[in-house]
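Trainee: Dropping in final.pdb, which is PDB, C-alpha atoms:
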```pdb
ATOM      1  CA  MET A 200     -40.827  -9.876 -22.442
ATOM      2  CA  GLU A 201     -39.047  -9.724 -25.831
ATOM      3  CA  ASN A 202     -37.308  -6.521 -24.767
ATOM      4  CA  THR A 203     -36.066  -8.109 -21.535
ATOM      5  CA  LYS A 204     -34.710 -11.101 -23.454
ATOM      6  CA  SER A 205     -32.944  -8.890 -25.973
ATOM      7  CA  SER A 206     -31.405  -6.652 -23.289
ATOM      8  CA  THR A 207     -30.192  -9.742 -21.387
ATOM      9  CA  LYS A 208     -28.616 -11.010 -24.620
ATOM     10  CA  THR A 209     -26.874  -7.658 -25.207
ATOM     11  CA  SER A 210     -25.709  -7.572 -21.610
ATOM     12  CA  ASN A 211     -24.335 -11.138 -21.837
ATOM     13  CA  ARG A 212     -22.515 -10.227 -25.032
ATOM     14  CA  LYS A 213     -20.933  -7.192 -23.337
ATOM     15  CA  ILE A 214     -19.794  -9.365 -20.420
ATOM     16  CA  LEU A 215     -18.282 -11.880 -22.850
ATOM     17  CA  PHE A 216     -16.441  -9.082 -24.683
ATOM     18  CA  GLY A 217     -15.237  -7.725 -21.344
ATOM     19  CA  ALA A 218     -13.998 -11.150 -20.217
ATOM     20  CA  ALA A 219     -12.264 -11.720 -23.560
ATOM     21  CA  GLY A 220     -10.637  -8.280 -23.302
ATOM     22  CA  LEU A 221      -9.443  -9.068 -19.793
ATOM     23  CA  ILE A 222      -7.882 -12.357 -20.856
ATOM     24  CA  ALA A 223      -6.290 -10.612 -23.866
ATOM     25  CA  LEU A 224      -4.808  -7.949 -21.572
ATOM     26  CA  ILE A 225      -3.315 -10.607 -19.271
ATOM     27  CA  ALA A 226      -1.876 -12.380 -22.331
ATOM     28  CA  VAL A 227      -0.339  -9.136 -23.668
ATOM     29  CA  LEU A 228       1.233  -8.375 -20.291
ATOM     30  CA  ALA A 229       2.603 -11.922 -20.063
ATOM     31  CA  VAL A 230       4.124 -11.650 -23.566
ATOM     32  CA  VAL A 231       5.693  -8.246 -22.766
ATOM     33  CA  TYR A 232       7.154  -9.741 -19.581
ATOM     34  CA  VAL A 233       8.570 -12.808 -21.333
ATOM     35  CA  MET A 234      10.101 -10.665 -24.102
ATOM     36  CA  PHE A 235      11.604  -7.890 -21.983
ATOM     37  CA  ARG A 236      12.145  -9.357 -18.509
ATOM     38  CA  PRO A 237      15.667  -9.222 -17.073
ATOM     39  CA  LYS A 238      17.455 -12.223 -18.598
ATOM     40  CA  PRO A 239      20.381 -13.759 -16.785
ATOM     41  CA  VAL A 240      23.389 -15.145 -18.645
ATOM     42  CA  GLU A 241      24.235 -18.704 -17.655
ATOM     43  CA  GLY A 242      27.759 -20.095 -17.368
ATOM     44  CA  SER A 243      30.994 -18.981 -15.797
ATOM     45  CA  LYS A 244      31.429 -15.233 -15.545
ATOM     46  CA  ASN A 245      34.140 -12.880 -14.377
ATOM     47  CA  ILE A 246      32.684 -10.098 -12.301
ATOM     48  CA  ALA A 247      33.758  -7.460  -9.802
ATOM     49  CA  ILE A 248      31.881  -5.982  -6.874
ATOM     50  CA  GLU A 249      33.188  -2.783  -5.320
ATOM     51  CA  VAL A 250      31.895  -1.588  -1.960
ATOM     52  CA  VAL A 251      32.344   2.107  -1.162
ATOM     53  CA  ASP A 252      31.735   2.735   2.534
ATOM     54  CA  LYS A 253      30.604   5.737   4.566
ATOM     55  CA  GLU A 254      34.089   7.289   4.654
ATOM     56  CA  GLY A 255      34.672   6.761   0.932
ATOM     57  CA  GLY A 256      36.957   3.746   1.502
ATOM     58  CA  SER A 257      36.712   1.101  -1.199
ATOM     59  CA  GLU A 258      36.868  -2.676  -1.079
ATOM     60  CA  LYS A 259      36.917  -4.621  -4.331
ATOM     61  CA  TYR A 260      35.961  -8.273  -4.859
ATOM     62  CA  GLU A 261      36.884  -9.854  -8.179
ATOM     63  CA  PHE A 262      35.866 -13.444  -8.786
ATOM     64  CA  ARG A 263      34.347 -16.002 -11.114
ATOM     65  CA  THR A 264      30.758 -17.028 -10.607
ATOM     66  CA  ASP A 265      27.853 -18.926 -12.115
ATOM     67  CA  ALA A 266      25.377 -16.752 -10.225
ATOM     68  CA  GLU A 267      22.427 -15.632 -12.307
ATOM     69  CA  TYR A 268      21.457 -12.796 -10.009
ATOM     70  CA  LEU A 269      23.431 -10.313  -7.940
ATOM     71  CA  ARG A 270      22.319 -11.625  -4.557
ATOM     72  CA  GLN A 271      23.844 -15.035  -5.179
ATOM     73  CA  ALA A 272      27.035 -13.400  -6.490
ATOM     74  CA  MET A 273      27.246 -11.234  -3.352
ATOM     75  CA  GLU A 274      26.836 -14.338  -1.207
ATOM     76  CA  GLU A 275      29.721 -15.975  -3.072
ATOM     77  CA  ALA A 276      32.061 -12.971  -2.729
ATOM     78  CA  GLU A 277      34.613 -13.923  -0.071
ATOM     79  CA  GLY A 278      34.768 -11.340   2.712
ATOM     80  CA  LEU A 279      31.654  -9.468   1.619
ATOM     81  CA  THR A 280      28.905  -9.507   4.229
ATOM     82  CA  PHE A 281      25.444  -8.014   3.874
ATOM     83  CA  SER A 282      22.012  -8.177   5.418
ATOM     84  CA  GLY A 283      18.655  -6.477   5.094
ATOM     85  CA  THR A 284      14.924  -6.858   5.186
ATOM     86  CA  GLU A 285      13.126  -9.398   3.029
ATOM     87  CA  SER A 286      10.215  -7.923   1.082
ATOM     88  CA  GLU A 287       7.933  -9.027  -1.722
ATOM     89  CA  TYR A 288      10.483  -7.537  -4.145
ATOM     90  CA  GLY A 289      13.426  -9.392  -2.583
ATOM     91  CA  MET A 290      15.981  -8.222  -0.050
ATOM     92  CA  MET A 291      16.277  -4.523   0.749
ATOM     93  CA  VAL A 292      19.973  -4.261   1.671
ATOM     94  CA  GLU A 293      20.564  -2.267   4.844
ATOM     95  CA  THR A 294      23.970  -3.394   6.096
ATOM     96  CA  VAL A 295      27.103  -4.038   4.011
ATOM     97  CA  ASN A 296      30.403  -5.077   5.610
ATOM     98  CA  GLY A 297      29.040  -4.045   9.009
ATOM     99  CA  THR A 298      27.953  -0.527   7.966
ATOM    100  CA  THR A 299      24.250   0.137   8.219
ATOM    101  CA  ALA A 300      22.489   2.722   6.073
ATOM    102  CA  ASP A 301      19.115   3.670   7.518
ATOM    103  CA  TYR A 302      17.056   6.116   5.461
ATOM    104  CA  ASN A 303      14.773   6.820   8.422
ATOM    105  CA  VAL A 304      17.692   7.900  10.616
ATOM    106  CA  ASP A 305      19.917  10.023   8.351
ATOM    107  CA  LYS A 306      18.453   9.587   4.838
ATOM    108  CA  SER A 307      21.249   7.217   3.890
ATOM    109  CA  TYR A 308      20.960   4.077   1.764
ATOM    110  CA  TRP A 309      23.070   1.640  -0.235
ATOM    111  CA  SER A 310      22.866   2.379  -3.944
ATOM    112  CA  PHE A 311      23.703  -0.278  -6.512
ATOM    113  CA  TYR A 312      25.340   0.321  -9.889
ATOM    114  CA  VAL A 313      26.202  -2.021 -12.748
ATOM    115  CA  ASN A 314      28.881  -0.862 -15.190
ATOM    116  CA  GLY A 315      28.379   2.703 -13.994
ATOM    117  CA  GLU A 316      24.600   2.701 -14.508
ATOM    118  CA  TYR A 317      22.109   2.710 -11.655
ATOM    119  CA  CYS A 318      20.641  -0.812 -11.185
ATOM    120  CA  ASN A 319      17.016  -1.004 -12.274
ATOM    121  CA  TYR A 320      16.288  -4.111 -10.199
ATOM    122  CA  GLY A 321      16.670  -5.358  -6.659
ATOM    123  CA  ILE A 322      19.576  -7.688  -5.857
ATOM    124  CA  ASP A 323      17.288 -10.733  -6.216
ATOM    125  CA  THR A 324      16.395  -9.884  -9.825
ATOM    126  CA  GLN A 325      19.476  -7.959 -11.014
ATOM    127  CA  PRO A 326      21.016 -10.208 -13.719
ATOM    128  CA  VAL A 327      24.728 -10.954 -13.685
ATOM    129  CA  ALA A 328      26.614 -11.039 -17.003
ATOM    130  CA  ASP A 329      30.244 -11.819 -17.782
ATOM    131  CA  GLY A 330      32.444  -8.772 -17.197
ATOM    132  CA  ASP A 331      29.927  -6.900 -15.064
ATOM    133  CA  GLN A 332      31.356  -4.351 -12.642
ATOM    134  CA  PHE A 333      29.021  -3.787  -9.720
ATOM    135  CA  SER A 334      29.351  -0.944  -7.237
ATOM    136  CA  ILE A 335      27.612  -0.794  -3.888
ATOM    137  CA  ILE A 336      27.909   2.753  -2.631
ATOM    138  CA  TYR A 337      26.915   4.229   0.724
ATOM    139  CA  THR A 338      24.788   7.213  -0.242
ATOM    140  CA  ALA A 339      23.450   9.970   1.998
ATOM    141  CA  GLU A 340      21.098  12.696   0.766
TER
ATOM    142  CA  MET B 203     -31.584  20.311  -8.720
ATOM    143  CA  ASP B 204     -29.116  23.187  -8.889
ATOM    144  CA  ASP B 205     -30.609  24.688  -5.734
ATOM    145  CA  GLN B 206     -30.228  21.368  -3.993
ATOM    146  CA  LYS B 207     -26.596  21.231  -5.064
ATOM    147  CA  LYS B 208     -25.939  24.754  -3.819
ATOM    148  CA  LYS B 209     -27.517  24.011  -0.459
ATOM    149  CA  ARG B 210     -25.510  20.809   0.096
ATOM    150  CA  LYS B 211     -23.423  21.044   3.241
ATOM    151  CA  ILE B 212     -21.220  18.498   4.917
ATOM    152  CA  THR B 213     -23.155  17.220   7.909
ATOM    153  CA  ILE B 214     -21.822  15.562  11.034
ATOM    154  CA  GLN B 215     -23.174  12.306   9.613
ATOM    155  CA  ASP B 216     -21.073  12.826   6.484
ATOM    156  CA  ILE B 217     -17.941  13.494   8.541
ATOM    157  CA  ALA B 218     -18.568  10.324  10.571
ATOM    158  CA  LEU B 219     -19.142   8.366   7.364
ATOM    159  CA  ILE B 220     -15.923   9.698   5.817
ATOM    160  CA  GLY B 221     -14.039   8.718   8.970
ATOM    161  CA  ILE B 222     -15.508   5.202   8.957
ATOM    162  CA  MET B 223     -14.698   4.739   5.259
ATOM    163  CA  THR B 224     -11.094   5.898   5.772
ATOM    164  CA  ALA B 225     -10.723   3.605   8.790
ATOM    165  CA  MET B 226     -12.038   0.668   6.766
ATOM    166  CA  LEU B 227      -9.508   1.335   4.003
ATOM    167  CA  GLU B 228      -6.633   1.508   6.500
ATOM    168  CA  VAL B 229      -7.686  -1.584   8.456
ATOM    169  CA  CYS B 230      -8.284  -3.702   5.347
ATOM    170  CA  LYS B 231      -4.976  -2.596   3.824
ATOM    171  CA  ALA B 232      -3.048  -3.466   6.979
ATOM    172  CA  ALA B 233      -4.918  -6.761   7.433
ATOM    173  CA  LEU B 234      -3.996  -8.021   3.964
ATOM    174  CA  SER B 235      -0.494  -6.543   3.816
ATOM    175  CA  PHE B 236       1.041 -10.024   4.281
ATOM    176  CA  LEU B 237      -0.396 -11.084   0.891
ATOM    177  CA  PRO B 238       1.628  -9.470  -1.911
ATOM    178  CA  ASN B 239      -0.614  -7.410  -4.201
ATOM    179  CA  VAL B 240      -3.892  -8.806  -2.889
ATOM    180  CA  GLU B 241      -5.794  -5.857  -1.450
ATOM    181  CA  LEU B 242      -9.238  -4.536  -0.637
ATOM    182  CA  VAL B 243      -8.519  -0.841  -1.211
ATOM    183  CA  SER B 244      -9.592  -0.942  -4.882
ATOM    184  CA  PHE B 245     -12.759  -2.817  -3.933
ATOM    185  CA  TRP B 246     -13.721  -0.351  -1.200
ATOM    186  CA  ILE B 247     -12.922   2.728  -3.305
ATOM    187  CA  ILE B 248     -15.227   1.407  -6.034
ATOM    188  CA  MET B 249     -17.988   0.548  -3.536
ATOM    189  CA  PHE B 250     -17.688   3.804  -1.586
ATOM    190  CA  THR B 251     -17.824   5.813  -4.824
ATOM    191  CA  LEU B 252     -20.932   3.908  -5.898
ATOM    192  CA  PHE B 253     -22.777   4.150  -2.596
ATOM    193  CA  PHE B 254     -21.553   7.420  -1.087
ATOM    194  CA  SER B 255     -20.583   9.332  -4.282
ATOM    195  CA  TRP B 256     -18.969  12.748  -3.537
ATOM    196  CA  ARG B 257     -17.799  11.749  -0.063
ATOM    197  CA  ILE B 258     -15.023   9.684  -1.680
ATOM    198  CA  ALA B 259     -13.408  13.011  -2.638
ATOM    199  CA  PHE B 260     -12.682  13.476   1.087
ATOM    200  CA  VAL B 261     -11.903   9.835   1.885
ATOM    201  CA  ILE B 262      -9.054   9.401  -0.620
ATOM    202  CA  PRO B 263      -6.961  12.451   0.412
ATOM    203  CA  VAL B 264      -7.262  11.509   4.098
ATOM    204  CA  PHE B 265      -6.373   7.894   3.338
ATOM    205  CA  VAL B 266      -3.347   8.909   1.230
ATOM    206  CA  LEU B 267      -2.146  11.331   3.905
ATOM    207  CA  ILE B 268      -2.413   8.688   6.645
ATOM    208  CA  GLU B 269      -0.558   6.186   4.451
ATOM    209  CA  GLY B 270       2.252   8.730   4.012
ATOM    210  CA  CYS B 271       2.396   9.368   7.761
ATOM    211  CA  ILE B 272       2.572   5.625   8.514
ATOM    212  CA  TYR B 273       4.921   4.400   5.783
ATOM    213  CA  GLY B 274       6.788   7.595   4.829
ATOM    214  CA  PHE B 275       6.415   9.861   1.822
ATOM    215  CA  GLY B 276       8.331   7.802  -0.741
ATOM    216  CA  SER B 277       7.876   7.756  -4.514
ATOM    217  CA  TRP B 278       4.931   5.371  -4.142
ATOM    218  CA  TRP B 279       3.112   8.103  -2.208
ATOM    219  CA  PHE B 280       3.107  10.397  -5.259
ATOM    220  CA  MET B 281       1.607   7.529  -7.267
ATOM    221  CA  TYR B 282      -1.178   7.223  -4.675
ATOM    222  CA  LEU B 283      -1.992  10.913  -5.239
ATOM    223  CA  TYR B 284      -3.431  10.214  -8.682
ATOM    224  CA  VAL B 285      -3.960   6.435  -8.923
ATOM    225  CA  TRP B 286      -6.803   6.189  -6.368
ATOM    226  CA  PRO B 287      -8.585   9.367  -7.550
ATOM    227  CA  LEU B 288      -8.355   7.923 -11.087
ATOM    228  CA  LEU B 289     -10.129   4.742  -9.936
ATOM    229  CA  ALA B 290     -12.812   6.767  -8.140
ATOM    230  CA  TRP B 291     -13.329   8.950 -11.225
ATOM    231  CA  ILE B 292     -13.653   5.951 -13.572
ATOM    232  CA  THR B 293     -16.116   4.387 -11.120
ATOM    233  CA  TYR B 294     -18.139   7.576 -10.846
ATOM    234  CA  MET B 295     -18.354   7.875 -14.631
ATOM    235  CA  ASN B 296     -19.776   4.319 -14.793
ATOM    236  CA  ARG B 297     -21.920   4.559 -11.658
ATOM    237  CA  ARG B 298     -25.109   3.438 -13.450
ATOM    238  CA  GLN B 299     -23.607   0.014 -14.168
ATOM    239  CA  GLN B 300     -25.090  -2.691 -11.975
ATOM    240  CA  SER B 301     -23.464  -5.810 -13.328
ATOM    241  CA  ILE B 302     -21.192  -7.611 -10.888
ATOM    242  CA  TRP B 303     -19.110  -8.732 -13.889
ATOM    243  CA  PHE B 304     -18.651  -5.183 -15.109
ATOM    244  CA  TRP B 305     -17.221  -4.146 -11.739
ATOM    245  CA  SER B 306     -15.133  -7.313 -11.423
ATOM    246  CA  ILE B 307     -13.592  -6.706 -14.861
ATOM    247  CA  LEU B 308     -13.020  -3.004 -14.186
ATOM    248  CA  SER B 309     -11.388  -3.744 -10.837
ATOM    249  CA  SER B 310      -9.249  -6.423 -12.464
ATOM    250  CA  VAL B 311      -8.112  -4.134 -15.309
ATOM    251  CA  PHE B 312      -7.176  -1.515 -12.720
ATOM    252  CA  GLY B 313      -5.050  -4.110 -10.898
ATOM    253  CA  LEU B 314      -3.402  -5.259 -14.126
ATOM    254  CA  MET B 315      -2.579  -1.687 -15.143
ATOM    255  CA  TYR B 316      -1.560  -0.507 -11.674
ATOM    256  CA  GLY B 317       2.157  -0.735 -12.427
ATOM    257  CA  PHE B 318       1.663   1.043 -15.746
ATOM    258  CA  PHE B 319      -0.276   3.854 -14.057
ATOM    259  CA  CYS B 320       2.553   4.230 -11.546
ATOM    260  CA  THR B 321       5.255   4.376 -14.231
ATOM    261  CA  PRO B 322       5.067   8.176 -14.855
ATOM    262  CA  VAL B 323       6.365   8.958 -11.357
ATOM    263  CA  HIS B 324       9.172   6.422 -11.642
ATOM    264  CA  GLY B 325       9.907   7.680 -15.164
ATOM    265  CA  ALA B 326      10.042  11.310 -14.043
ATOM    266  CA  MET B 327      12.430  10.423 -11.207
ATOM    267  CA  SER B 328      14.623   8.331 -13.513
ATOM    268  CA  ILE B 329      14.689  11.057 -16.178
ATOM    269  CA  ALA B 330      15.674  13.596 -13.529
ATOM    270  CA  SER B 331      18.598  11.461 -12.370
ATOM    271  CA  GLY B 332      19.702   9.701 -15.558
ATOM    272  CA  GLY B 333      18.583  11.763 -18.540
ATOM    273  CA  PHE B 334      15.634  11.272 -20.898
ATOM    274  CA  ARG B 335      16.687   8.092 -22.730
ATOM    275  CA  ASN B 336      18.015   6.264 -19.674
ATOM    276  CA  GLY B 337      15.013   7.476 -17.679
ATOM    277  CA  LEU B 338      12.507   6.072 -20.163
ATOM    278  CA  TYR B 339      14.400   2.780 -20.304
ATOM    279  CA  ALA B 340      14.529   2.590 -16.506
ATOM    280  CA  ALA B 341      10.780   3.277 -16.269
ATOM    281  CA  PHE B 342      10.018   0.599 -18.861
ATOM    282  CA  ALA B 343      12.301  -1.923 -17.136
ATOM    283  CA  TRP B 344      10.666  -1.083 -13.795
ATOM    284  CA  TRP B 345       7.168  -1.665 -15.235
ATOM    285  CA  VAL B 346       8.170  -4.943 -16.932
ATOM    286  CA  ALA B 347       9.826  -6.278 -13.763
ATOM    287  CA  GLY B 348       6.545  -5.688 -11.885
ATOM    288  CA  ILE B 349       4.216  -7.354 -14.426
ATOM    289  CA  PRO B 350       3.949 -10.688 -12.518
ATOM    290  CA  TYR B 351       2.824  -8.688  -9.461
ATOM    291  CA  ASP B 352       0.351  -6.722 -11.604
ATOM    292  CA  ILE B 353      -1.156  -9.990 -12.883
ATOM    293  CA  ILE B 354      -1.573 -11.224  -9.286
ATOM    294  CA  HIS B 355      -3.094  -7.826  -8.447
ATOM    295  CA  GLY B 356      -5.570  -8.077 -11.355
ATOM    296  CA  ILE B 357      -6.656 -11.624 -10.522
ATOM    297  CA  GLY B 358      -6.968 -10.742  -6.819
ATOM    298  CA  ASN B 359      -9.117  -7.691  -7.587
ATOM    299  CA  PHE B 360     -11.385  -9.767  -9.844
ATOM    300  CA  VAL B 361     -11.941 -12.446  -7.194
ATOM    301  CA  VAL B 362     -12.505  -9.927  -4.392
ATOM    302  CA  MET B 363     -15.115  -8.014  -6.397
ATOM    303  CA  ALA B 364     -16.841 -11.182  -7.660
ATOM    304  CA  VAL B 365     -17.102 -12.559  -4.128
ATOM    305  CA  CYS B 366     -17.852  -9.403  -2.121
ATOM    306  CA  TYR B 367     -19.948  -7.169  -4.429
ATOM    307  CA  VAL B 368     -23.347  -8.779  -3.806
ATOM    308  CA  PRO B 369     -23.124  -9.203   0.006
ATOM    309  CA  VAL B 370     -21.697  -5.691   0.498
ATOM    310  CA  ARG B 371     -24.355  -4.168  -1.761
ATOM    311  CA  ARG B 372     -27.048  -5.995   0.202
ATOM    312  CA  ALA B 373     -25.564  -4.883   3.534
ATOM    313  CA  VAL B 374     -25.334  -1.229   2.445
ATOM    314  CA  SER B 375     -28.898  -1.254   1.143
ATOM    315  CA  MET B 376     -30.038  -2.476   4.572
ATOM    316  CA  ILE B 377     -28.438   0.394   6.483
ATOM    317  CA  SER B 378     -28.889   3.221   3.978
ATOM    318  CA  PRO B 379     -31.105   3.695   0.903
ATOM    319  CA  LEU B 380     -29.136   3.031  -2.281
ATOM    320  CA  PRO B 381     -28.668   5.904  -4.733
ATOM    321  CA  HIS B 382     -31.478   5.835  -7.309
ATOM    322  CA  CYS B 383     -29.156   4.929 -10.182
ATOM    323  CA  LEU B 384     -27.935   1.850  -8.305
ATOM    324  CA  ARG B 385     -31.376   0.399  -7.618
ATOM    325  CA  THR B 386     -32.596  -2.537  -9.639
ATOM    326  CA  GLU B 387     -35.957  -2.232 -11.428
ATOM    327  CA  LYS B 388     -37.526  -4.196  -8.574
ATOM    328  CA  GLU B 389     -36.038  -1.891  -5.931
ATOM    329  CA  LYS B 390     -37.172   1.222  -7.820
ATOM    330  CA  LYS B 391     -40.769   0.020  -7.535
TER
END
```
What would the structure in this file look like if it were written as structure tokens?
Mentor:
Amino acid sequence: MENTKSSTKTSNRKILFGAAGLIALIAVLAVVYVMFRPKPVEGSKNIAIEVVDKEGGSEKYEFRTDAEYLRQAMEEAEGLTFSGTESEYGMMVETVNGTTADYNVDKSYWSFYVNGEYCNYGIDTQPVADGDQFSIIYTAE
Amino acid sequence: MDDQKKKRKITIQDIALIGIMTAMLEVCKAALSFLPNVELVSFWIIMFTLFFSWRIAFVIPVFVLIEGCIYGFGSWWFMYLYVWPLLAWITYMNRRQQSIWFWSILSSVFGLMYGFFCTPVHGAMSIASGGFRNGLYAAFAWWVAGIPYDIIHGIGNFVVMAVCYVPVRRAVSMISPLPHCLRTEKEKK
């Protein structure tokens, strides 16, 4: 009887430690996210978006925007049209200025660059900063 | 014991069981695909490892292969190659645990760390295309961007295990005798 009580106590203590550890892990992840998440810059910004199509032809859009993320900036760019599939991570861009890149058909896709570096985020979470130069390039493997 | 191990052969019953387990994983995954990062695959892999032990070693490769055939062999597919076996291995190493809270916490931690576990593949791809420093930064940024989804994943896994563990355990014990290590003191008698 005593043994059962003591083992229940130990087991309860382990569960409590486990629960505390779980909450601590969630807290650590939340802190890491808050500290290192992509941070947008607010205010008026000068940016440029260059679209390089299938044939290598280039179209450049230079404008001022208050957009925090690339998607909004793309929507504001006069003459730039785009569409794609909505997913849990935001829009997966498939068509830009009427040209569709379909990976399943010919292993082609639209790749996004910011200031010459490959974008680490989707267009819904890619921050926009003053002076950013974005490139949207038709890429085929 | 060793003789028994040597004599073990895969029976038709085992093959049928492996097929049913794989089908359950696929159906449950497809059924919940509209809910971002809420899934039953972790739950079933833990339960199948507990109840049907070594058979999971056949279920996971078949499941991963079917997933690749359905959705394409993208970078996520390479993550599947080691993430699910890792969960099965951790489960197998703790198979004597009977506490619902232990399994709920383990399942939740797996969900919370899912993005982190997947980072090596993304890191390797980024390093290959952008160099070591840029690659590491890209992998870190990719993991951080996914943390909100990992937290949803962890909470979802906890709730699923807390709600489903007892009824599923009871149902399995009705159709097939539980492994000895999983039986409660009362069931052992």
Trainee: Just need the box for stretch 276-280 of chain B, edges along x, y and z, holding every atom the file lists for it with 3 Å tacked onto each side, so centre and edge lengths in Å to one decimal, as lines of an AutoDock Vina configuration file.
Mentor:
```
center_x = 5.7
center_y = 7.9
center_z = -3.0
size_x = 11.2
size_y = 11.0
size_z = 10.5
```
Trainee: Find the residues in chain A near chain B: any atom within 12 Å counts, using only C-alpha atoms. Write them as a VMD selection string.
Mentor: chain A and resid 203 207 210 to 238 286 to 289 302 to 303 306 315 to 321 323 to 326
Trainee: Can you turn the PyMOL selection byres ((chain A and resi 261) around 10) into a concrete residue list for this file, as a short mmCIF file (atom, residue, chain, number, x, y, z; two decimals) with C-alpha atoms, in the coordinates of the input?
Mentor:
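File written: result-v1.cif
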```cif
data_model
loop_
_atom_site.label_atom_id
_atom_site.label_comp_id
_atom_site.auth_asym_id
_atom_site.auth_seq_id
_atom_site.Cartn_x
_atom_site.Cartn_y
_atom_site.Cartn_z
CA ASN A 245 34.14 -12.88 -14.38
CA ILE A 246 32.68 -10.10 -12.30
CA ALA A 247 33.76 -7.46 -9.80
CA ILE A 248 31.88 -5.98 -6.87
CA GLU A 249 33.19 -2.78 -5.32
CA LYS A 259 36.92 -4.62 -4.33
CA TYR A 260 35.96 -8.27 -4.86
CA PHE A 262 35.87 -13.44 -8.79
CA ARG A 263 34.35 -16.00 -11.11
CA THR A 264 30.76 -17.03 -10.61
CA ALA A 276 32.06 -12.97 -2.73
CA GLU A 277 34.61 -13.92 -0.07
CA GLN A 332 31.36 -4.35 -12.64
#
```
Trainee: What residues come out when you apply the PyMOL selection byres ((chain B and resi 268-270) around 12) to this file, written as a list in words?
Mentor: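 In the shown coordinates, the PyMOL selection byres ((chain B and resi 268-270) around 12) covers Gly221, Thr224, Ala225, Leu227, Glu228, Val229, Lys231, Ala232, Val261, Ile262, Pro263, Val264, Phe265, Val266, Leu267, Cys271, Ile272, Tyr273, Gly274, Phe275, Gly276, Ser277, Trp278, Trp279, Phe280, Met281, Tyr282 and Leu283 of chain B.
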Trainee: Quick one: of A:Thr294, A:Trp309, A:Glu267, A:Ile322, who's nearest to A:Thr338, counting only C-alpha atoms?
Mentor: A:Trp309
Trainee: For the structure provided, state which residues fall under the PyMOL selection byres ((chain A and resi 293) around 12), and present them as a PyMOL selection string.
Mentor: chain A and resi 280-285+290-292+294-303+307-311+335-338
Trainee: May I have the residues within 9 Å of A:Lys244 as a PyMOL selection string, using all atoms listed in the file and disregarding those fewer than 3 positions away in the same chain?
Mentor: chain A and resi 240-241+262-266+327-331
Trainee: So what do you get for atom CA of B:Thr213 versus atom CA of B:Arg372, distance-wise?
Mentor: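 Computing it gives 24.8 Å between the two atoms.
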Trainee: State, in Å with one decimal place, the distance from atom CA of B:Arg297 to atom CA of B:Leu252.
Mentor: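 These two atoms are separated by 5.9 Å.
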Trainee: If you measure from atom CA of B:His355 to atom CA of B:Gly313, what distance in Å do you get, rounded to one decimal?
Mentor: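 Going from atom CA of B:His355 over to atom CA of B:Gly313, I get 4.9 Å.
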Trainee: Name the residues, using the chain letters and numbers of the file, that sit within 9 Å of (-10.7, -6.2, 1.0) when counting only C-alpha atoms, and give them as a count of residues only.
Mentor: 16
